[in-house]
Structures are given as structure tokens and as C-alpha cells.
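Here is the file run-v1.txt (compact mmCIF, C-alpha atoms).
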```
# COMPACT_ATOMS: atom_id res chain seq x y z
CA MET M 1 0.66 35.86 5.07
CA LEU M 2 2.46 33.10 3.12
CA GLY M 3 2.29 35.38 0.09
CA SER M 4 5.23 37.31 1.51
CA LEU M 5 7.20 34.07 1.89
CA PRO M 6 7.36 32.68 -1.66
CA SER M 7 9.92 29.96 -0.92
CA PHE M 8 7.91 28.72 2.06
CA ALA M 9 4.68 28.77 0.05
CA ARG M 10 6.38 26.90 -2.78
CA LEU M 11 7.60 24.14 -0.46
CA VAL M 12 4.09 23.79 1.00
CA ALA M 13 2.70 23.55 -2.55
CA GLU M 14 5.25 20.88 -3.54
CA LEU M 15 4.66 18.82 -0.38
CA SER M 16 0.88 19.02 -0.92
CA LYS M 17 1.30 17.14 -4.19
CA LEU M 18 2.34 13.99 -2.30
CA PRO M 19 -0.40 11.37 -1.82
CA GLY M 20 -2.22 11.62 1.50
CA ILE M 21 -0.64 15.00 2.32
CA GLY M 22 -3.05 17.93 2.33
CA GLY M 23 -2.42 21.63 2.87
CA LYS M 24 -2.36 21.45 6.67
CA THR M 25 0.03 18.51 6.86
CA ALA M 26 2.24 20.13 4.21
CA THR M 27 2.42 23.35 6.28
CA ARG M 28 3.24 21.35 9.41
CA LEU M 29 6.02 19.47 7.56
CA ALA M 30 7.40 22.72 6.12
CA PHE M 31 7.56 24.27 9.61
CA HIS M 32 9.27 21.14 10.87
CA LEU M 33 11.84 21.33 8.05
CA LEU M 34 12.38 25.03 8.76
CA ARG M 35 13.56 24.04 12.25
CA ARG M 36 15.81 21.23 11.06
CA SER M 37 19.46 21.89 10.27
CA ASP M 38 20.57 22.87 6.75
CA ALA M 39 22.42 19.56 6.51
CA ASP M 40 19.27 17.54 7.35
CA VAL M 41 17.19 19.27 4.70
CA GLU M 42 20.03 19.00 2.19
CA ALA M 43 20.19 15.24 2.91
CA LEU M 44 16.49 14.84 2.09
CA ALA M 45 16.81 16.92 -1.10
CA THR M 46 19.85 14.92 -2.22
CA ALA M 47 18.12 11.60 -1.45
CA LEU M 48 15.22 12.67 -3.70
CA VAL M 49 17.42 13.61 -6.64
CA GLU M 50 19.75 10.61 -6.25
CA MET M 51 16.83 8.19 -6.12
CA LYS M 52 15.49 9.53 -9.41
CA ARG M 53 18.96 9.52 -10.96
CA ASN M 54 19.89 5.98 -9.89
CA LEU M 55 16.66 4.03 -10.03
CA SER M 56 15.00 2.64 -13.06
CA PHE M 57 13.12 -0.53 -13.95
CA CYS M 58 14.73 -3.90 -14.69
CA ARG M 59 14.83 -4.53 -18.46
CA ARG M 60 13.67 -8.09 -17.97
CA CYS M 61 11.09 -8.18 -15.15
CA PHE M 62 10.32 -4.44 -14.61
CA ASN M 63 11.14 -4.61 -10.91
CA ILE M 64 12.84 -1.43 -9.61
CA SER M 65 16.57 -1.65 -10.06
CA GLU M 66 19.72 0.43 -9.76
CA GLY M 67 21.26 -1.29 -12.79
CA GLU M 68 20.06 -2.61 -16.14
CA PHE M 69 18.89 -5.84 -14.47
CA CYS M 70 17.47 -6.13 -10.95
CA ARG M 71 18.98 -8.13 -8.11
CA ILE M 72 16.62 -11.06 -8.67
CA CYS M 73 17.18 -11.27 -12.44
CA SER M 74 20.95 -11.11 -11.83
CA ASP M 75 20.76 -13.92 -9.24
CA MET M 76 21.81 -17.20 -10.89
CA GLY M 77 20.47 -19.23 -7.96
CA ARG M 78 16.77 -18.61 -8.58
CA ASP M 79 14.38 -21.14 -10.08
CA ASP M 80 13.91 -20.20 -13.77
CA SER M 81 10.94 -22.53 -14.22
CA CYS M 82 8.52 -20.50 -12.11
CA LEU M 83 7.48 -16.92 -12.84
CA CYS M 84 5.45 -14.91 -10.34
CA VAL M 85 3.36 -12.11 -11.89
CA VAL M 86 2.73 -9.18 -9.52
CA GLN M 87 0.99 -5.87 -9.83
CA GLU M 88 3.60 -3.50 -8.38
CA PRO M 89 7.23 -3.68 -7.17
CA GLN M 90 5.80 -3.34 -3.62
CA ASP M 91 4.09 -6.72 -4.01
CA LEU M 92 7.36 -8.30 -5.09
CA ILE M 93 9.00 -6.91 -1.95
CA ALA M 94 6.20 -8.36 0.20
CA ILE M 95 6.66 -11.83 -1.36
CA GLU M 96 10.46 -11.64 -0.97
CA ARG M 97 9.99 -10.70 2.67
CA SER M 98 7.99 -13.91 3.20
CA HIS M 99 10.95 -16.06 2.00
CA GLY M 100 8.30 -18.37 0.54
CA TYR M 101 9.27 -18.09 -3.11
CA ARG M 102 12.51 -18.83 -5.00
CA GLY M 103 11.46 -18.31 -8.62
CA ARG M 104 11.58 -15.24 -10.86
CA TYR M 105 9.14 -12.33 -11.15
CA HIS M 106 7.35 -10.18 -13.70
CA VAL M 107 5.92 -6.82 -12.63
CA LEU M 108 2.82 -5.68 -14.55
CA HIS M 109 2.82 -2.10 -13.21
CA GLY M 110 -0.94 -2.04 -12.70
CA VAL M 111 -4.08 -4.08 -13.22
CA LEU M 112 -6.70 -4.07 -15.93
CA SER M 113 -9.21 -1.39 -15.10
CA PRO M 114 -11.59 -0.52 -17.96
CA LEU M 115 -13.27 2.18 -15.87
CA ASN M 116 -9.93 3.99 -15.50
CA GLY M 117 -9.00 3.34 -19.11
CA VAL M 118 -6.27 0.80 -18.28
CA GLY M 119 -6.19 -1.92 -20.93
CA PRO M 120 -3.74 -4.81 -21.57
CA GLU M 121 -1.50 -2.52 -23.68
CA ASP M 122 -0.92 -0.26 -20.65
CA LEU M 123 0.56 -3.12 -18.62
CA LYS M 124 3.74 -5.17 -19.17
CA ILE M 125 1.68 -8.04 -20.63
CA ALA M 126 3.25 -8.12 -24.13
CA GLN M 127 6.67 -8.20 -22.41
CA LEU M 128 5.51 -11.15 -20.28
CA PHE M 129 4.63 -13.18 -23.37
CA GLU M 130 7.91 -12.13 -25.04
CA ARG M 131 9.74 -13.61 -22.04
CA LEU M 132 7.76 -16.84 -22.23
CA LYS M 133 9.02 -17.31 -25.81
CA THR M 134 12.68 -17.32 -24.79
CA GLU M 135 12.65 -18.45 -21.14
CA GLU M 136 11.95 -22.02 -20.02
CA VAL M 137 8.94 -21.30 -17.79
CA ALA M 138 6.81 -24.24 -16.60
CA GLU M 139 4.52 -22.38 -14.18
CA VAL M 140 3.20 -18.83 -13.86
CA LEU M 141 2.03 -17.87 -10.37
CA LEU M 142 -0.49 -15.04 -10.74
CA ALA M 143 -0.12 -12.95 -7.58
CA THR M 144 -2.14 -9.86 -8.54
CA SER M 145 -4.26 -8.38 -5.73
CA PHE M 146 -7.33 -10.18 -4.42
CA THR M 147 -9.53 -7.26 -5.43
CA ILE M 148 -12.07 -7.29 -8.24
CA GLU M 149 -9.59 -5.74 -10.68
CA GLY M 150 -6.74 -8.00 -9.53
CA GLU M 151 -8.92 -11.11 -9.89
CA ALA M 152 -10.10 -9.99 -13.35
CA THR M 153 -6.49 -9.42 -14.45
CA ALA M 154 -5.51 -12.88 -13.15
CA LEU M 155 -8.45 -14.44 -15.02
CA TYR M 156 -7.53 -12.59 -18.24
CA LEU M 157 -3.90 -13.69 -18.00
CA SER M 158 -4.75 -17.28 -17.04
CA ARG M 159 -6.80 -17.69 -20.25
CA LEU M 160 -3.98 -16.39 -22.44
CA LEU M 161 -1.39 -18.47 -20.57
CA LYS M 162 -3.38 -21.71 -20.82
CA GLU M 163 -3.63 -21.13 -24.58
CA VAL M 164 0.16 -21.30 -24.81
CA GLY M 165 0.13 -24.40 -22.59
CA ILE M 166 1.63 -23.05 -19.39
CA LYS M 167 0.56 -24.18 -15.90
CA VAL M 168 -1.13 -21.27 -14.11
CA THR M 169 -1.48 -21.00 -10.32
CA ARG M 170 -2.75 -18.44 -7.83
CA PRO M 171 -1.89 -18.09 -4.08
CA ALA M 172 -4.43 -19.84 -1.82
CA HIS M 173 -7.26 -17.98 -0.13
CA GLY M 174 -7.87 -18.62 3.57
CA ILE M 175 -7.67 -17.37 7.11
CA PRO M 176 -4.54 -15.28 7.85
CA LEU M 177 -2.28 -16.66 10.60
CA GLY M 178 -2.97 -15.39 14.11
CA SER M 179 -6.40 -14.04 13.27
CA ASP M 180 -9.72 -14.45 15.01
CA LEU M 181 -12.47 -16.06 12.92
CA GLU M 182 -14.88 -13.54 14.41
CA TYR M 183 -13.16 -10.66 12.66
CA ILE M 184 -12.61 -12.23 9.22
CA ASP M 185 -15.09 -11.29 6.49
CA SER M 186 -17.54 -14.07 5.73
CA ALA M 187 -16.52 -14.47 2.06
CA THR M 188 -12.98 -15.36 3.22
CA VAL M 189 -14.32 -17.77 5.87
CA GLN M 190 -16.46 -19.43 3.20
CA LEU M 191 -13.46 -19.82 0.85
CA ALA M 192 -11.34 -21.19 3.71
CA ILE M 193 -13.96 -23.80 4.54
CA ASP M 194 -14.44 -24.74 0.87
CA SER M 195 -10.70 -25.35 0.56
CA ARG M 196 -10.37 -27.17 3.93
CA ARG M 197 -7.48 -29.63 4.24
CA GLU M 198 -7.37 -33.03 5.95
CA LEU M 199 -4.94 -33.04 8.87
CA MET A 200 15.31 -6.45 -0.92
CA LEU A 201 15.80 -2.71 -0.36
CA GLY A 202 19.41 -3.50 0.56
CA SER A 203 20.16 -3.82 -3.14
CA LEU A 204 18.63 -0.38 -3.78
CA PRO A 205 20.71 1.95 -1.61
CA SER A 206 19.33 5.19 -3.05
CA PHE A 207 15.74 4.02 -2.58
CA ALA A 208 16.47 2.87 0.98
CA ARG A 209 18.13 6.21 1.74
CA LEU A 210 15.11 8.18 0.52
CA VAL A 211 12.81 6.01 2.66
CA ALA A 212 15.09 6.64 5.67
CA GLU A 213 15.11 10.41 5.08
CA LEU A 214 11.32 10.57 4.62
CA SER A 215 10.81 8.51 7.80
CA LYS A 216 12.46 11.30 9.79
CA LEU A 217 9.53 13.63 9.07
CA PRO A 218 6.95 13.95 11.86
CA GLY A 219 3.97 11.62 11.50
CA ILE A 220 5.62 9.63 8.70
CA GLY A 221 6.57 6.07 9.59
CA GLY A 222 8.35 3.42 7.56
CA LYS A 223 5.27 2.29 5.63
CA THR A 224 4.16 5.80 4.64
CA ALA A 225 7.75 6.68 3.70
CA THR A 226 7.94 3.63 1.41
CA ARG A 227 4.60 4.55 -0.16
CA LEU A 228 5.79 8.13 -0.75
CA ALA A 229 9.10 6.91 -2.22
CA PHE A 230 7.24 4.62 -4.67
CA HIS A 231 4.99 7.53 -5.59
CA LEU A 232 8.03 9.76 -6.23
CA LEU A 233 9.65 7.01 -8.29
CA ARG A 234 6.70 7.22 -10.68
CA ARG A 235 6.70 11.02 -10.87
CA SER A 236 8.70 12.79 -13.56
CA ASP A 237 12.30 13.85 -12.96
CA ALA A 238 11.17 17.50 -13.17
CA ASP A 239 8.54 17.00 -10.44
CA VAL A 240 11.01 15.41 -8.01
CA GLU A 241 13.61 18.06 -8.88
CA ALA A 242 11.01 20.76 -8.08
CA LEU A 243 10.43 19.29 -4.62
CA ALA A 244 14.17 18.98 -3.93
CA THR A 245 14.77 22.56 -5.08
CA ALA A 246 11.86 23.86 -2.98
CA LEU A 247 13.43 22.21 0.09
CA VAL A 248 16.87 23.72 -0.45
CA GLU A 249 15.55 27.16 -1.47
CA MET A 250 13.29 27.35 1.58
CA LYS A 251 16.27 26.72 3.88
CA ARG A 252 18.41 29.19 1.95
CA ASN A 253 15.88 32.03 1.85
CA LEU A 254 14.02 31.79 5.14
CA SER A 255 15.21 33.02 8.49
CA PHE A 256 13.62 34.68 11.48
CA CYS A 257 12.79 38.40 11.74
CA ARG A 258 15.41 40.21 13.81
CA ARG A 259 12.73 42.11 15.67
CA CYS A 260 9.76 39.77 16.29
CA PHE A 261 11.20 36.33 15.34
CA ASN A 262 8.44 35.63 12.85
CA ILE A 263 9.63 33.70 9.78
CA SER A 264 10.89 36.08 7.13
CA GLU A 265 12.67 36.14 3.81
CA GLY A 266 14.51 39.34 4.73
CA GLU A 267 16.07 40.84 7.85
CA PHE A 268 12.66 42.09 9.01
CA CYS A 269 9.35 40.29 8.40
CA ARG A 270 6.41 41.65 6.42
CA ILE A 271 4.59 42.78 9.56
CA CYS A 272 7.57 44.54 11.13
CA SER A 273 8.22 46.30 7.80
CA ASP A 274 4.58 47.45 7.56
CA MET A 275 4.32 51.09 8.71
CA GLY A 276 0.54 50.90 8.94
CA ARG A 277 0.36 48.57 11.95
CA ASP A 278 -0.53 49.71 15.47
CA ASP A 279 2.75 50.00 17.42
CA SER A 280 1.01 50.29 20.77
CA CYS A 281 -0.19 46.67 20.89
CA LEU A 282 2.11 43.65 20.89
CA CYS A 283 0.71 40.15 20.52
CA VAL A 284 2.89 37.40 22.02
CA VAL A 285 2.50 34.01 20.31
CA GLN A 286 4.11 30.63 20.72
CA GLU A 287 5.00 29.78 17.12
CA PRO A 288 4.93 31.47 13.68
CA GLN A 289 1.95 29.21 12.88
CA ASP A 290 -0.09 30.97 15.59
CA LEU A 291 0.77 34.36 14.09
CA ILE A 292 -0.45 33.11 10.71
CA ALA A 293 -3.72 31.94 12.30
CA ILE A 294 -4.29 35.36 13.90
CA GLU A 295 -3.46 37.19 10.66
CA ARG A 296 -5.91 34.94 8.84
CA SER A 297 -8.67 36.10 11.22
CA HIS A 298 -8.10 39.80 10.22
CA GLY A 299 -8.97 40.60 13.84
CA TYR A 300 -5.69 42.18 14.87
CA ARG A 301 -3.74 45.17 13.54
CA GLY A 302 -0.89 45.43 16.06
CA ARG A 303 2.60 43.95 16.09
CA TYR A 304 3.77 40.49 17.16
CA HIS A 305 6.48 38.75 19.15
CA VAL A 306 7.12 35.04 18.60
CA LEU A 307 8.41 33.14 21.65
CA HIS A 308 9.33 29.95 19.75
CA GLY A 309 7.96 27.65 22.42
CA VAL A 310 6.37 27.64 25.85
CA LEU A 311 7.79 27.11 29.31
CA SER A 312 7.93 23.38 29.95
CA PRO A 313 10.00 22.41 33.00
CA LEU A 314 9.39 18.70 32.33
CA ASN A 315 11.01 19.04 28.90
CA GLY A 316 13.76 21.29 30.23
CA VAL A 317 12.45 24.44 28.52
CA GLY A 318 13.06 27.48 30.73
CA PRO A 319 12.60 31.24 30.12
CA GLU A 320 16.13 31.48 28.69
CA ASP A 321 15.18 29.04 25.89
CA LEU A 322 12.41 31.34 24.64
CA LYS A 323 12.57 34.83 23.11
CA ILE A 324 11.56 36.38 26.46
CA ALA A 325 14.68 38.51 27.05
CA GLN A 326 14.24 39.86 23.50
CA LEU A 327 10.61 40.74 24.33
CA PHE A 328 11.65 42.86 27.30
CA GLU A 329 14.43 44.45 25.21
CA ARG A 330 11.76 45.55 22.72
CA LEU A 331 9.58 46.99 25.47
CA LYS A 332 12.47 49.27 26.48
CA THR A 333 12.66 50.96 23.07
CA GLU A 334 9.16 50.51 21.61
CA GLU A 335 6.10 52.46 22.80
CA VAL A 336 3.93 49.47 23.78
CA ALA A 337 0.78 50.12 25.82
CA GLU A 338 -0.69 46.62 25.75
CA VAL A 339 0.66 43.09 25.45
CA LEU A 340 -1.86 40.50 24.23
CA LEU A 341 -0.70 37.09 25.45
CA ALA A 342 -1.90 34.62 22.83
CA THR A 343 0.02 31.50 23.87
CA SER A 344 -1.96 28.23 23.58
CA PHE A 345 -4.81 27.45 25.93
CA THR A 346 -3.02 24.36 27.19
CA ILE A 347 -1.52 23.95 30.67
CA GLU A 348 1.94 24.97 29.43
CA GLY A 349 0.58 27.85 27.36
CA GLU A 350 -1.47 29.15 30.30
CA ALA A 351 1.54 28.83 32.64
CA THR A 352 3.71 30.77 30.17
CA ALA A 353 1.03 33.50 29.92
CA LEU A 354 0.83 33.69 33.72
CA TYR A 355 4.63 33.91 34.03
CA LEU A 356 4.83 36.67 31.42
CA SER A 357 1.85 38.59 32.81
CA ARG A 358 3.57 38.87 36.21
CA LEU A 359 6.78 40.22 34.68
CA LEU A 360 4.87 42.58 32.37
CA LYS A 361 2.73 44.00 35.17
CA GLU A 362 5.92 44.74 37.13
CA VAL A 363 7.03 47.04 34.31
CA GLY A 364 3.55 48.62 34.25
CA ILE A 365 2.21 47.31 30.95
CA LYS A 366 -1.43 46.38 30.37
CA VAL A 367 -1.70 42.62 29.81
CA THR A 368 -4.61 40.92 28.03
CA ARG A 369 -5.50 37.41 26.87
CA PRO A 370 -8.00 36.35 24.15
CA ALA A 371 -11.46 35.52 25.59
CA HIS A 372 -12.57 31.99 26.29
CA GLY A 373 -15.99 30.90 25.08
CA ILE A 374 -18.03 28.84 22.70
CA PRO A 375 -16.58 28.70 19.15
CA LEU A 376 -18.88 30.03 16.43
CA GLY A 377 -21.10 27.48 14.75
CA SER A 378 -20.63 24.85 17.43
CA ASP A 379 -23.15 22.75 19.29
CA LEU A 380 -23.19 23.20 23.08
CA GLU A 381 -23.61 19.43 23.39
CA TYR A 382 -20.14 18.78 21.96
CA ILE A 383 -18.18 21.49 23.81
CA ASP A 384 -16.18 20.36 26.86
CA SER A 385 -17.83 21.41 30.13
CA ALA A 386 -14.89 23.54 31.32
CA THR A 387 -15.31 25.74 28.23
CA VAL A 388 -19.08 25.93 28.74
CA GLN A 389 -18.52 26.96 32.34
CA LEU A 390 -16.06 29.71 31.29
CA ALA A 391 -18.48 30.91 28.60
CA ILE A 392 -21.30 31.19 31.14
CA ASP A 393 -19.07 32.93 33.69
CA SER A 394 -18.13 35.55 31.10
CA ARG A 395 -21.69 35.95 29.72
CA ARG A 396 -22.54 39.30 28.10
CA GLU A 397 -25.75 41.33 28.27
CA LEU A 398 -27.40 41.64 24.85
```
As C-alpha cells, how would this structure be written, given the file I've shared?
Amino acid sequence: MLGSLPSFARLVAELSKLPGIGGKTATRLAFHLLRRSDADVEALATALVEMKRNLSFCRRCFNISEGEFCRICSDMGRDDSCLCVVQEPQDLIAIERSHGYRGRYHVLHGVLSPLNGVGPEDLKIAQLFERLKTEEVAEVLLATSFTIEGEATALYLSRLLKEVGIKVTRPAHGIPLGSDLEYIDSATVQLAIDSRREL
Amino acid sequence: MLGSLPSFARLVAELSKLPGIGGKTATRLAFHLLRRSDADVEALATALVEMKRNLSFCRRCFNISEGEFCRICSDMGRDDSCLCVVQEPQDLIAIERSHGYRGRYHVLHGVLSPLNGVGPEDLKIAQLFERLKTEEVAEVLLATSFTIEGEATALYLSRLLKEVGIKVTRPAHGIPLGSDLEYIDSATVQLAIDSRREL
């Protein structure tokens, strides 16, 4: 049936390439778009092309940016002495949203993953050490994910960083705010008790 | 953070308008698209615009079509004496996929839904009766959904169709193939037993 509708079939095929969107969802989205006005669909198409045209990565920290340098690197009010290393730009956004950090960032664009063939040369690690040569950084906060690969990447980086004499930190483990002990995994509970604080 | 990336924020906003896609999924999709090649994103944008440009509805049956008349209406080999009334083009595709029907179609583009303000004048009902005046139709197969609104629409149409002396049918209820009686709702089981066949 869709064979007689090449432009519909092509849209379904393109939408199916998006992560988490299979053939059925893609068909449903295509039918939805068919019912939307020309202007609405045009707006989505333009947003796609404009995003690709305007966005690139910051030359200094590899955060996403609309210019040569990102908003954080261009901000003179940030603390130059602390550098937070994150996995993806999404993680940077999450930390910014918390308003808990005023230093600079460095985005690795991945984690070490030997099984998937991702080695140190595939991440922005050389660029991190280049920065440390010219910037006055006293502390590197390693905020890669708390997964096996994220922990391994943090461990790898912490060794290299200690060799060049830089203080290395990692965000604390513990019980998330507003959560019920009953529903927290026992490894996290154990870590939270190990790192208990005196009130 | 996204405030400093207007073209990224705009893409997230446009993607969030799609059904079943909230802010978080839209952000995830936008980050995915950011990593895809320019050509890939361009292909999706082009597919969107081309689909809107090329697709319209068949002048006769209101199925989606790339020309004035859809593939089925243009097919001389179909049985003109039977007309299958469906809710949406998706339903027509599902019936075609079954290879169980060789007649023509009429797409209503909705069902009667007084609560949502959808009356007979909002559907392609007048156009259906126009067709019946000029086409030699012996039977109308009402294949609207088996929901309350779909059943009500079928009932409404069957009354009008019987008045003009046309045979009206509806697909049979029963147990779907390959299913376990245990997991079928009891109303369906009851209908299947009521319409039992002698072997």
C-alpha cells in the first residue's frame, strides 16, 4: 500500500532512523504530520536544518555552542580554577540546572568502552591535557556517569591527572533527596552509610 | 542553558509538538540529530516537506494519495459492488495488508463523537451518499473501530444506508487467531460463543 506513496514511505523510513522510534511509531507520526498544516511541518523541517547549520561544538570545552566558544567559556565570571569533566553536553546541562557549580567544563563526548572499541583517543582527553597546560586549573571534578564505564573513565583520568599534580574530585554518592530508603538499591545505601556525616 | 542556543531550543520545541513526544524525549532526539551528519538531517527535513507537498486525499474515497485519485480508485480490477467504510487511512492500510478484501473504500476521517463536538457534517458522510447515487454499490461493509464511538458511527450509518436500500455488513467479532482464551476479554468470548459455527 505504502509502495504507491513514495513520499509517505520515505518520511516513515527517515523517522524510523530516530532512536526509540520503530516502524509503527514512525507511521503514526507521519499520519499526524499529514494532518498538520503546511506551516507546522515547514517549521519542524526548518528547525532541523537551522539547528545543524548553527550548532557546533565549543573550541575550548566541546560543549554545544552557536558560536566559536560556548556561553560558559565566554562568561568571564566563572571560576577558572575548577574544571568539571562530563561525558556529554546533556550532563553539563543537568549540572547547570542544579546551580551548584560555578567553574568551567570539559566535555569528553563519551566514556572509555573497550568492548565498543572506544579508547582514550576517541574522547576529548588529549584536548583536556592541552587545556591544563595553559589554564590555571587547581581542581578537576570528574563527573562522568556512575556506571561501570563512567567509573572506569574517572579512574583512568584521575591517575593521569594526579601524575601532573592536580587535585581530583568526584561528586559524592548517597541517597537522593526525597527518596525512600526502601526503594534505593543496597549498594547506594551501603555507600551512603559508609560516608555518613556527623550532624 | 538552552536559552543561549536558540536553534537547539527551537528544534526541541518543534519536536515536543509531536504526539507522544515530551520535553525529555525531544531533547534526546535533538541531541541525537546533532550527532548525525548534515546529509542525514537534511534527508529528514526534505522528507517532511516533500510528504506535505506530494500527498493529498483522493477526490473519490478520501484515502491518502499522491495524485488526484488513489491507487485503489485508479485500479480497474477492484470489485465496484462492495464499498468498505473505514475511519482513517491507517485502517484501510490494515485491511489491504490482510489481502481479505477486493472492493473499494470510503474513508470517513473520524467517527461521530458528540462529546468532542464531532457530528456527521465533520465526516465524509455526505460524500459517501453522493457516491452511492452514481456508483453501483450493492453492499457497504462498515469497518469503523470496535469502540463505543466506532460502533455508534456504524449504527448511525447502517440506519441511513438501509433507508436507501443498501445491504449493510460489519466484520465479525470473535477470538483472534493464535490467542489464548484465558487472555481474551469476556465480552469478546461471549460474542464468539454466540456466533459459533458448525464444523
Is there a way to get, as a compact mmCIF listing (two decimals) with C-alpha atoms, keeping the file's coordinate frame, all residues within 10 Å of the point (3.5, 22.8, -3.0) in file coordinates, counting only C-alpha atoms?
```
# COMPACT_ATOMS: atom_id res chain seq x y z
CA SER M 7 9.92 29.96 -0.92
CA PHE M 8 7.91 28.72 2.06
CA ALA M 9 4.68 28.77 0.05
CA ARG M 10 6.38 26.90 -2.78
CA LEU M 11 7.60 24.14 -0.46
CA VAL M 12 4.09 23.79 1.00
CA ALA M 13 2.70 23.55 -2.55
CA GLU M 14 5.25 20.88 -3.54
CA LEU M 15 4.66 18.82 -0.38
CA SER M 16 0.88 19.02 -0.92
CA LYS M 17 1.30 17.14 -4.19
CA LEU M 18 2.34 13.99 -2.30
CA GLY M 22 -3.05 17.93 2.33
CA GLY M 23 -2.42 21.63 2.87
CA ALA M 26 2.24 20.13 4.21
CA THR M 27 2.42 23.35 6.28
CA ALA M 30 7.40 22.72 6.12
CA ALA A 242 11.01 20.76 -8.08
CA LEU A 243 10.43 19.29 -4.62
CA ALA A 246 11.86 23.86 -2.98
```
message: With all atoms listed in the file considered, list every residue of chain A at most 8 Å from chain M, as a PyMOL selection string.
response: chain A and resi 200+203-204+206-207+209-210+213-214+217-218+228+231+233+237+240-251+253-254+264-265+270+292+295-296
task: Excluding A:Leu307 and residues on its chain fewer than 4 positions from it, collect all residues at most 12 Å away from it, counting only C-alpha atoms, and give them as a ChimeraX atom specification.
output: /A:256,259-263,283-291,311,317-328,341-344,349,352-353,356
- request: Find the spatial neighbours of M:Ala187, counting all atoms listed in the file, within a cut-off of 12 Å - ignore same-chain residues fewer than 5 positions away - and output them as a PyMOL selection string.
  value: chain M and resi 173-175+181+192-194
- prompt: So which residues touch A:Leu360 within 12 Å, counting all atoms listed in the file, skipping near sequence neighbours fewer than 2 positions away, as a list in words?
  reply: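 That gives Leu282, Val284, Ile324, Ala325, Leu327, Phe328, Leu331, Lys332, Val336, Ala337, Glu338, Val339, Leu340, Leu341, Ala353, Leu354, Tyr355, Leu356, Ser357, Arg358, Glu362, Val363, Gly364, Ile365, Lys366, Val367 and Thr368 of chain A.
Interatomic distance, atom CA of M:Leu199 to atom CA of M:Leu177: 16.7 Å.
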Length of the atom CA of A:Ala371 to atom CA of A:Phe345 vector [Å]: 10.5 Å
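Here atom CA of M:Asp185 stands at a distance of 26.2 Å from atom CA of M:Leu115.
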